[in-house]
Structure formats: C-alpha cells, structure tokens
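Below is one structure, written out as structure tokens, with a few remarks after it.
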Amino acid sequence: MQCVYLLLMLRFLYIATDRTIDMMFCLLATIILPPENLLPPSLYLARKMVGMEDLSAYEYHVCHNDCYVWAKIPKEEWPEHYDEKCPFCQNNRFASVHGVPSPSKVSRQ
Ligand SMILES: [Zn+2]
C-alpha cells in the first residue's frame with residue numbers, strides 16, 4: 001500500500017501525466033516485480049485502492065508552452081472542446097489518447 005501512495009505522490013511532485021504513472025504501475029506490476037505482487041497494474045485501480053477521486057475537477061488545462069490557461073470545463077465536455085487551440089501559439093488544448101481527449105498539459109495551482 002505504501003508503494004501505491006508513493007507512486008501516486010510522484011504524479012504531484014513531478015507533475016507527471018496520468019499516462020506516465022499508469023505505465024509505471026503497469027510495468028512494475030506485470031514485468032519488474034515478482035508475479036505474486038499486490039501492486040495494482042493501472043493508475044485507475046491504484047486510485048480505486050486508496051479511495052482517491054478523479055482529480056480532473058481540480059486541474060487547469062494550460063498551453064504546452066505555458067502561455068495560456070483555459071477556463072475549467074467538466075470532463076464530459078472535453079470532446080466538444082477537442083479542437084481548441086492556444087490563442088497565442090496555436091498548440092492544441094487536447095491530445096487523443098486511444099481516441100479519448102486528454103489535456104496536453106495540466107496545472108493544479
Ligand atoms: Zn500557447
């Protein structure tokens with residue numbers, strides 16, 4: 001359980017993406033640790049294990065170059081805003097991860 005908390009804290013300390021932390025859980029649980037390990041193989045299952053809610057409601061979407069902060073929108077509205085671009089540098093607000101919109105960069109401040 002401590003390992004799960006430590007990995008989840010890495011996400012906040014180093015502002016790692018969900019995809020990065022998800023991959024770390026997957027690699028550790030399925031390849032690096034012995035088969036009998038109890039580490040959850042995904043970020044979703046790790047959050048579920050510790051009772052952590054979805055943090056997207058507390059995040060701001062920011063331009064990859066830090067030149068613009070978008071207004072918050074509920075996660076269910078992300079597909080409608082998929083084509084939004086930074087008004088200054090034209091970077092995309094979202095990227096597609098397995099066909100699902102994912103913010104290009106987030107901030108929690
Ligand atoms: Zn920009």
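Here's how to read the names in the structure tokens: chain A, B, ... by the order shown, residue numbers from 1 in each chain, ligand numbers from 1 in the order shown.
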Just want the residues within 9 Å of ligand 1, written as a PyMOL selection string, counting only C-alpha atoms and all ligand atoms.
chain A and resi 62-69+85-93
Which of chain A end up as strand (DSSP E) when DSSP is run on this backbone - answer as a count of residues only?
12
The distance between CA of Glu80 in chain A and CA of Lys48 in chain A is 27.5 Å
Range 70-72 of chain A: which residues within 8 Å, counting only C-alpha atoms, same-chain residues fewer than 6 positions away excluded, as a CSV table (one decimal) with N, CA and C atoms, in the first residue's frame?
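Writing done, so here's result00.csv:
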```csv
chain,number,residue,atom,x,y,z
A,57,ALA,N,-11.2,17.6,-11.8
A,57,ALA,CA,-12.0,18.8,-11.4
A,57,ALA,C,-11.1,19.8,-10.8
A,59,GLU,N,-7.9,20.5,-11.8
A,59,GLU,CA,-6.8,20.8,-12.7
A,59,GLU,C,-7.2,21.9,-13.7
A,60,TYR,N,-6.3,22.7,-14.1
A,60,TYR,CA,-6.4,23.7,-15.1
A,60,TYR,C,-5.7,23.2,-16.3
A,61,HIS,N,-6.3,23.3,-17.5
A,61,HIS,CA,-5.6,23.0,-18.7
A,61,HIS,C,-4.7,24.2,-19.1
A,62,VAL,N,-3.5,24.0,-19.4
A,62,VAL,CA,-2.6,25.1,-19.8
A,62,VAL,C,-1.9,24.7,-21.1
```
How close does range 22-53 of chain A get to range 4-12 of chain A? List, as JSON lines, each residue of range 22-53 of chain A within 8 Å, its nearest atom pair and the distance in Å to one decimal, counting only C-alpha atoms.
```
{"residue": "A:Phe25", "atom": "CA", "partner": "A:Leu7", "partner_atom": "CA", "distance": 7.9}
{"residue": "A:Leu39", "atom": "CA", "partner": "A:Val4", "partner_atom": "CA", "distance": 7.1}
{"residue": "A:Pro40", "atom": "CA", "partner": "A:Val4", "partner_atom": "CA", "distance": 7.9}
{"residue": "A:Ala46", "atom": "CA", "partner": "A:Val4", "partner_atom": "CA", "distance": 6.4}
{"residue": "A:Val50", "atom": "CA", "partner": "A:Tyr5", "partner_atom": "CA", "distance": 7.9}
```
Tell me which protein, DNA and RNA residues are within 12 Å of Gly99 in chain A, counting only C-alpha atoms, leaving out same-chain ones fewer than 3 positions away, and put them as a ChimeraX atom specification.
/A:79,82,94-96,102
Would you tabulate, counting only C-alpha atoms, all residues of range 11-30 of chain A that have an atom at most 7 Å from an atom of range 42-45 of chain A, showing the closest pair of atoms and their distance in Å to one decimal, sorted by chain then ascending number, as JSON lines?
```
{"residue": "A:Ile21", "atom": "CA", "partner": "A:Leu43", "partner_atom": "CA", "distance": 6.5}
{"residue": "A:Asp22", "atom": "CA", "partner": "A:Leu43", "partner_atom": "CA", "distance": 4.6}
{"residue": "A:Phe25", "atom": "CA", "partner": "A:Ser42", "partner_atom": "CA", "distance": 5.3}
{"residue": "A:Cys26", "atom": "CA", "partner": "A:Ser42", "partner_atom": "CA", "distance": 5.5}
```
